[in-house]
$ cat upload09.pdb   # PDB, N, CA and C atoms
ATOM      1  N   MET C   1     -18.384  32.764  12.793
ATOM      2  CA  MET C   1     -19.224  33.956  12.778
ATOM      3  C   MET C   1     -19.162  34.569  11.375
ATOM      4  N   LEU C   2     -20.318  34.883  10.844
ATOM      5  CA  LEU C   2     -20.376  35.476   9.512
ATOM      6  C   LEU C   2     -20.077  36.964   9.570
ATOM      7  N   LYS C   3     -19.364  37.411   8.577
ATOM      8  CA  LYS C   3     -19.127  38.837   8.424
ATOM      9  C   LYS C   3     -20.390  39.449   7.835
ATOM     10  N   PRO C   4     -20.687  40.722   8.101
ATOM     11  CA  PRO C   4     -21.903  41.334   7.534
ATOM     12  C   PRO C   4     -21.984  41.188   6.014
ATOM     13  N   ARG C   5     -20.849  41.287   5.355
ATOM     14  CA  ARG C   5     -20.823  41.155   3.901
ATOM     15  C   ARG C   5     -21.232  39.743   3.468
ATOM     16  N   ASP C   6     -20.729  38.723   4.209
ATOM     17  CA  ASP C   6     -21.082  37.344   3.895
ATOM     18  C   ASP C   6     -22.547  37.070   4.211
ATOM     19  N   GLU C   7     -23.023  37.660   5.295
ATOM     20  CA  GLU C   7     -24.428  37.478   5.656
ATOM     21  C   GLU C   7     -25.326  38.042   4.554
ATOM     22  N   ALA C   8     -24.965  39.195   4.026
ATOM     23  CA  ALA C   8     -25.736  39.787   2.931
ATOM     24  C   ALA C   8     -25.701  38.873   1.713
ATOM     25  N   ARG C   9     -24.561  38.266   1.448
ATOM     26  CA  ARG C   9     -24.450  37.355   0.304
ATOM     27  C   ARG C   9     -25.288  36.105   0.523
ATOM     28  N   LEU C  10     -25.268  35.575   1.752
ATOM     29  CA  LEU C  10     -26.070  34.389   2.024
ATOM     30  C   LEU C  10     -27.561  34.695   1.921
ATOM     31  N   ASN C  11     -27.946  35.920   2.215
ATOM     32  CA  ASN C  11     -29.340  36.309   2.041
ATOM     33  C   ASN C  11     -29.737  36.257   0.573
ATOM     34  N   LEU C  12     -28.762  36.361  -0.305
ATOM     35  CA  LEU C  12     -29.037  36.219  -1.732
ATOM     36  C   LEU C  12     -29.346  34.768  -2.090
ATOM     37  N   GLY C  13     -29.013  33.875  -1.190
ATOM     38  CA  GLY C  13     -29.264  32.456  -1.441
ATOM     39  C   GLY C  13     -28.338  31.917  -2.506
ATOM     40  N   ASP C  14     -28.923  31.166  -3.432
ATOM     41  CA  ASP C  14     -28.093  30.509  -4.432
ATOM     42  C   ASP C  14     -27.532  31.470  -5.469
ATOM     43  N   ALA C  15     -27.922  32.751  -5.412
ATOM     44  CA  ALA C  15     -27.393  33.739  -6.354
ATOM     45  C   ALA C  15     -26.093  34.375  -5.856
ATOM     46  N   ALA C  16     -25.658  34.021  -4.662
ATOM     47  CA  ALA C  16     -24.460  34.618  -4.077
ATOM     48  C   ALA C  16     -23.194  34.183  -4.824
ATOM     49  N   VAL C  17     -22.214  35.072  -4.842
ATOM     50  CA  VAL C  17     -20.895  34.779  -5.408
ATOM     51  C   VAL C  17     -19.874  35.045  -4.313
ATOM     52  N   PHE C  18     -19.049  34.037  -4.028
ATOM     53  CA  PHE C  18     -18.047  34.138  -2.968
ATOM     54  C   PHE C  18     -16.651  33.994  -3.539
ATOM     55  N   SER C  19     -15.692  34.525  -2.797
ATOM     56  CA  SER C  19     -14.303  34.243  -3.146
ATOM     57  C   SER C  19     -14.077  32.755  -2.915
ATOM     58  N   LEU C  20     -13.062  32.209  -3.544
ATOM     59  CA  LEU C  20     -12.751  30.793  -3.377
ATOM     60  C   LEU C  20     -12.516  30.467  -1.905
ATOM     61  N   ASN C  21     -11.766  31.318  -1.212
ATOM     62  CA  ASN C  21     -11.466  31.061   0.197
ATOM     63  C   ASN C  21     -12.735  31.030   1.046
ATOM     64  N   ARG C  22     -13.636  31.992   0.811
ATOM     65  CA  ARG C  22     -14.855  32.067   1.622
ATOM     66  C   ARG C  22     -15.784  30.905   1.301
ATOM     67  N   ALA C  23     -15.885  30.532   0.053
ATOM     68  CA  ALA C  23     -16.713  29.385  -0.318
ATOM     69  C   ALA C  23     -16.188  28.115   0.351
ATOM     70  N   ALA C  24     -14.864  27.957   0.384
ATOM     71  CA  ALA C  24     -14.259  26.796   1.033
ATOM     72  C   ALA C  24     -14.578  26.789   2.525
ATOM     73  N   GLU C  25     -14.573  27.953   3.148
ATOM     74  CA  GLU C  25     -14.886  28.048   4.576
ATOM     75  C   GLU C  25     -16.330  27.655   4.864
ATOM     76  N   LEU C  26     -17.229  27.907   3.935
ATOM     77  CA  LEU C  26     -18.646  27.630   4.146
ATOM     78  C   LEU C  26     -19.025  26.165   3.934
ATOM     79  N   LEU C  27     -18.156  25.419   3.291
ATOM     80  CA  LEU C  27     -18.441  24.005   3.061
ATOM     81  C   LEU C  27     -18.095  23.189   4.305
ATOM     82  N   PRO C  28     -18.760  22.047   4.487
ATOM     83  CA  PRO C  28     -18.594  21.283   5.730
ATOM     84  C   PRO C  28     -17.398  20.339   5.765
ATOM     85  N   PHE C  29     -16.290  20.723   5.131
ATOM     86  CA  PHE C  29     -15.063  19.955   5.278
ATOM     87  C   PHE C  29     -13.900  20.929   5.379
ATOM     88  N   SER C  30     -12.698  20.403   5.556
ATOM     89  CA  SER C  30     -11.549  21.293   5.723
ATOM     90  C   SER C  30     -11.402  22.170   4.481
ATOM     91  N   ASP C  31     -10.791  23.331   4.654
ATOM     92  CA  ASP C  31     -10.641  24.273   3.540
ATOM     93  C   ASP C  31      -9.901  23.640   2.364
ATOM     94  N   GLY C  32      -8.855  22.880   2.653
ATOM     95  CA  GLY C  32      -8.088  22.229   1.586
ATOM     96  C   GLY C  32      -8.938  21.220   0.823
ATOM     97  N   GLU C  33      -9.686  20.410   1.558
ATOM     98  CA  GLU C  33     -10.572  19.436   0.906
ATOM     99  C   GLU C  33     -11.656  20.145   0.106
ATOM    100  N   ALA C  34     -12.172  21.241   0.645
ATOM    101  CA  ALA C  34     -13.223  21.997  -0.040
ATOM    102  C   ALA C  34     -12.695  22.585  -1.345
ATOM    103  N   ARG C  35     -11.494  23.152  -1.319
ATOM    104  CA  ARG C  35     -10.912  23.708  -2.548
ATOM    105  C   ARG C  35     -10.719  22.613  -3.592
ATOM    106  N   THR C  36     -10.220  21.472  -3.160
ATOM    107  CA  THR C  36     -10.027  20.341  -4.068
ATOM    108  C   THR C  36     -11.363  19.895  -4.651
ATOM    109  N   TRP C  37     -12.386  19.815  -3.809
ATOM    110  CA  TRP C  37     -13.723  19.401  -4.243
ATOM    111  C   TRP C  37     -14.284  20.391  -5.261
ATOM    112  N   LEU C  38     -14.144  21.687  -4.977
ATOM    113  CA  LEU C  38     -14.639  22.726  -5.886
ATOM    114  C   LEU C  38     -13.918  22.665  -7.226
ATOM    115  N   GLU C  39     -12.614  22.494  -7.171
ATOM    116  CA  GLU C  39     -11.819  22.452  -8.401
ATOM    117  C   GLU C  39     -12.144  21.207  -9.224
ATOM    118  N   ALA C  40     -12.277  20.065  -8.560
ATOM    119  CA  ALA C  40     -12.543  18.808  -9.268
ATOM    120  C   ALA C  40     -13.872  18.858 -10.018
ATOM    121  N   ARG C  41     -14.793  19.649  -9.538
ATOM    122  CA  ARG C  41     -16.108  19.754 -10.173
ATOM    123  C   ARG C  41     -16.229  20.941 -11.119
ATOM    124  N   GLY C  42     -15.129  21.668 -11.300
ATOM    125  CA  GLY C  42     -15.132  22.796 -12.226
ATOM    126  C   GLY C  42     -15.993  23.954 -11.759
ATOM    127  N   LEU C  43     -16.079  24.168 -10.457
ATOM    128  CA  LEU C  43     -16.959  25.205  -9.901
ATOM    129  C   LEU C  43     -16.258  26.542  -9.694
ATOM    130  N   ILE C  44     -14.967  26.584  -9.929
ATOM    131  CA  ILE C  44     -14.213  27.827  -9.724
ATOM    132  C   ILE C  44     -14.217  28.614 -11.024
ATOM    133  N   ARG C  45     -14.631  29.861 -10.924
ATOM    134  CA  ARG C  45     -14.633  30.770 -12.079
ATOM    135  C   ARG C  45     -13.635  31.888 -11.799
ATOM    136  N   HIS C  46     -13.286  32.621 -12.823
ATOM    137  CA  HIS C  46     -12.346  33.721 -12.645
ATOM    138  C   HIS C  46     -12.959  35.005 -13.178
ATOM    139  N   ILE C  47     -12.985  36.016 -12.310
ATOM    140  CA  ILE C  47     -13.479  37.346 -12.679
ATOM    141  C   ILE C  47     -12.375  38.336 -12.355
ATOM    142  N   ASN C  48     -11.917  39.038 -13.368
ATOM    143  CA  ASN C  48     -10.820  40.001 -13.200
ATOM    144  C   ASN C  48      -9.629  39.377 -12.476
ATOM    145  N   GLY C  49      -9.317  38.158 -12.821
ATOM    146  CA  GLY C  49      -8.156  37.489 -12.253
ATOM    147  C   GLY C  49      -8.363  36.922 -10.864
ATOM    148  N   ARG C  50      -9.582  37.008 -10.334
ATOM    149  CA  ARG C  50      -9.851  36.485  -8.994
ATOM    150  C   ARG C  50     -10.699  35.228  -9.079
ATOM    151  N   ALA C  51     -10.353  34.243  -8.267
ATOM    152  CA  ALA C  51     -11.110  32.991  -8.225
ATOM    153  C   ALA C  51     -12.370  33.211  -7.399
ATOM    154  N   VAL C  52     -13.516  32.923  -8.004
ATOM    155  CA  VAL C  52     -14.805  33.072  -7.323
ATOM    156  C   VAL C  52     -15.634  31.811  -7.529
ATOM    157  N   VAL C  53     -16.642  31.662  -6.688
ATOM    158  CA  VAL C  53     -17.522  30.504  -6.755
ATOM    159  C   VAL C  53     -18.961  31.001  -6.690
ATOM    160  N   ARG C  54     -19.773  30.560  -7.646
ATOM    161  CA  ARG C  54     -21.198  30.888  -7.624
ATOM    162  C   ARG C  54     -21.876  29.826  -6.753
ATOM    163  N   TRP C  55     -22.554  30.276  -5.714
ATOM    164  CA  TRP C  55     -23.102  29.361  -4.719
ATOM    165  C   TRP C  55     -24.131  28.411  -5.332
ATOM    166  N   ARG C  56     -24.869  28.848  -6.324
ATOM    167  CA  ARG C  56     -25.839  27.981  -6.999
ATOM    168  C   ARG C  56     -25.144  26.742  -7.558
ATOM    169  N   ASP C  57     -23.944  26.926  -8.125
ATOM    170  CA  ASP C  57     -23.202  25.791  -8.669
ATOM    171  C   ASP C  57     -22.831  24.799  -7.570
ATOM    172  N   VAL C  58     -22.472  25.334  -6.397
ATOM    173  CA  VAL C  58     -22.121  24.472  -5.259
ATOM    174  C   VAL C  58     -23.343  23.667  -4.834
ATOM    175  N   LEU C  59     -24.485  24.331  -4.706
ATOM    176  CA  LEU C  59     -25.701  23.632  -4.288
ATOM    177  C   LEU C  59     -26.096  22.563  -5.294
ATOM    178  N   ASP C  60     -25.980  22.884  -6.573
ATOM    179  CA  ASP C  60     -26.292  21.894  -7.606
ATOM    180  C   ASP C  60     -25.357  20.688  -7.507
ATOM    181  N   ALA C  61     -24.076  20.943  -7.291
ATOM    182  CA  ALA C  61     -23.103  19.856  -7.185
ATOM    183  C   ALA C  61     -23.377  19.009  -5.942
ATOM    184  N   LEU C  62     -23.780  19.640  -4.856
ATOM    185  CA  LEU C  62     -24.097  18.891  -3.646
ATOM    186  C   LEU C  62     -25.327  18.016  -3.871
ATOM    187  N   CYS C  63     -26.300  18.520  -4.590
ATOM    188  CA  CYS C  63     -27.508  17.736  -4.879
ATOM    189  C   CYS C  63     -27.198  16.552  -5.776
ATOM    190  N   ASP C  64     -26.212  16.703  -6.659
ATOM    191  CA  ASP C  64     -25.831  15.601  -7.537
ATOM    192  C   ASP C  64     -25.200  14.454  -6.753
ATOM    193  N   ASN C  65     -24.665  14.752  -5.557
ATOM    194  CA  ASN C  65     -24.004  13.721  -4.756
ATOM    195  C   ASN C  65     -24.970  12.953  -3.865
ATOM    196  N   VAL C  66     -26.219  13.393  -3.800
ATOM    197  CA  VAL C  66     -27.193  12.712  -2.960
ATOM    198  C   VAL C  66     -27.622  11.428  -3.664
ATOM    199  N   PRO C  67     -27.478  10.308  -2.986
ATOM    200  CA  PRO C  67     -27.883   9.063  -3.646
ATOM    201  C   PRO C  67     -29.384   9.075  -3.912
ATOM    202  N   LYS C  68     -29.742   8.669  -5.081
ATOM    203  CA  LYS C  68     -31.147   8.628  -5.460
ATOM    204  C   LYS C  68     -31.781   7.357  -4.890
ATOM    205  N   ALA C  69     -32.994   7.486  -4.421
ATOM    206  CA  ALA C  69     -33.702   6.322  -3.893
ATOM    207  C   ALA C  69     -33.974   5.349  -5.030
ATOM    208  N   LYS C  70     -33.694   4.096  -4.779
ATOM    209  CA  LYS C  70     -33.931   3.082  -5.790
ATOM    210  C   LYS C  70     -35.434   2.797  -5.835
ATOM    211  N   PRO C  71     -35.991   2.701  -7.026
ATOM    212  CA  PRO C  71     -37.416   2.394  -7.094
ATOM    213  C   PRO C  71     -37.676   0.992  -6.555
ATOM    214  N   ARG C  72     -38.726   0.879  -5.788
ATOM    215  CA  ARG C  72     -39.071  -0.426  -5.236
ATOM    216  C   ARG C  72     -39.735  -1.256  -6.317
ATOM    217  N   PRO C  73     -39.350  -2.503  -6.420
ATOM    218  CA  PRO C  73     -39.998  -3.342  -7.430
ATOM    219  C   PRO C  73     -41.467  -3.529  -7.071
ATOM    220  N   SER C  74     -42.293  -3.579  -8.093
ATOM    221  CA  SER C  74     -43.717  -3.772  -7.829
ATOM    222  C   SER C  74     -43.935  -5.190  -7.303
ATOM    223  N   GLN C  75     -44.914  -5.316  -6.445
ATOM    224  CA  GLN C  75     -45.204  -6.627  -5.892
ATOM    225  C   GLN C  75     -45.867  -7.475  -6.967
ATOM    226  N   LYS C  76     -45.379  -8.670  -7.101
ATOM    227  CA  LYS C  76     -45.964  -9.568  -8.084
ATOM    228  C   LYS C  76     -47.211 -10.199  -7.478
ATOM    229  N   ARG C  77     -48.248 -10.174  -8.256
ATOM    230  CA  ARG C  77     -49.502 -10.762  -7.794
ATOM    231  C   ARG C  77     -49.649 -12.160  -8.378
ATOM    232  N   GLU C  78     -50.387 -12.953  -7.667
ATOM    233  CA  GLU C  78     -50.721 -14.281  -8.178
ATOM    234  C   GLU C  78     -51.661 -14.092  -9.360
ATOM    235  N   PRO C  79     -51.513 -14.883 -10.398
ATOM    236  CA  PRO C  79     -52.430 -14.748 -11.525
ATOM    237  C   PRO C  79     -53.851 -15.125 -11.094
ATOM    238  N   LEU C  80     -54.807 -14.466 -11.700
ATOM    239  CA  LEU C  80     -56.198 -14.767 -11.403
ATOM    240  C   LEU C  80     -56.564 -16.117 -12.007
ATOM    241  N   PRO C  81     -57.431 -16.833 -11.336
ATOM    242  CA  PRO C  81     -57.820 -18.130 -11.894
ATOM    243  C   PRO C  81     -58.622 -17.937 -13.184
ATOM    244  N   ARG C  82     -58.416 -18.804 -14.115
ATOM    245  CA  ARG C  82     -59.161 -18.739 -15.380
ATOM    246  C   ARG C  82     -60.564 -19.304 -15.153
ATOM    247  N   VAL C  83     -61.492 -18.603 -15.736
ATOM    248  CA  VAL C  83     -62.875 -19.077 -15.662
ATOM    249  C   VAL C  83     -63.436 -19.155 -17.073
ATOM    250  N   ARG C  84     -64.337 -20.039 -17.253
ATOM    251  CA  ARG C  84     -64.973 -20.199 -18.555
ATOM    252  C   ARG C  84     -66.110 -19.186 -18.670
ATOM    253  N   LEU C  85     -66.116 -18.421 -19.720
ATOM    254  CA  LEU C  85     -67.122 -17.397 -19.901
ATOM    255  C   LEU C  85     -68.215 -17.895 -20.848
ATOM    256  N   GLY C  86     -69.432 -17.542 -20.541
ATOM    257  CA  GLY C  86     -70.558 -17.769 -21.434
ATOM    258  C   GLY C  86     -70.849 -19.217 -21.744
ATOM    259  N   GLY C  87     -70.715 -20.037 -20.861
ATOM    260  CA  GLY C  87     -71.230 -21.261 -21.227
ATOM    261  C   GLY C  87     -70.852 -22.548 -20.887
TER     262      GLY C  87
END
$ encode --input "upload09.pdb" --output "structure tokens"
Amino acid sequence: MLKPRDEARLNLGDAAVFSLNRAAELLPFSDGEARTWLEARGLIRHINGRAVVRWRDVLDALCDNVPKAKPRPSQKREPLPRVRLGG
């Protein structure tokens, strides 16, 4: 259940700033794994001695982990038959 304060922050969308603990709670893995993931990607910032996470950075990092679709090779066509022109 979201706290009213967190709900207001989520309404900010990617502009929200959360404490490290709250950001870890919002990610879809255990809090310990989430903290490790955030730290490994350099997403933890410090404001007045407190660890915070800018949600936009989290979303960007999550998008970087999405595998990109490989371009499909173009279908090779049979060469056109040569014809004699003009004569």
$ resolve_selection --input "upload09.pdb" --expression "the PyMOL selection byres (((chain C and resi 32-39 and name CA) around 12) and name CA)" --output "ChimeraX atom specification"
/C:19-31,40-45,51-55,57-62,65
$ select_by_dssp --input "upload09.pdb" --residues "range 10-51 of chain C" --states "strand (DSSP E or B)" --output "list in words"
Val17, Phe18, Ser19, Ile44, Arg45, His46, Ile47, Arg50 and Ala51 of chain C
$ atom_distance --input "upload09.pdb" --atom1 "atom C of Lys3 in chain C" --atom2 "atom N of Ala16 in chain C"
14.6 Å
$ atom_distance --input "upload09.pdb" --atom1 "CA of Asp14 in chain C" --atom2 "atom C of Gly49 in chain C"
21.7 Å
$ atom_distance --input "upload09.pdb" --atom1 "atom N of Glu7 in chain C" --atom2 "atom C of Cys63 in chain C"
24.2 Å
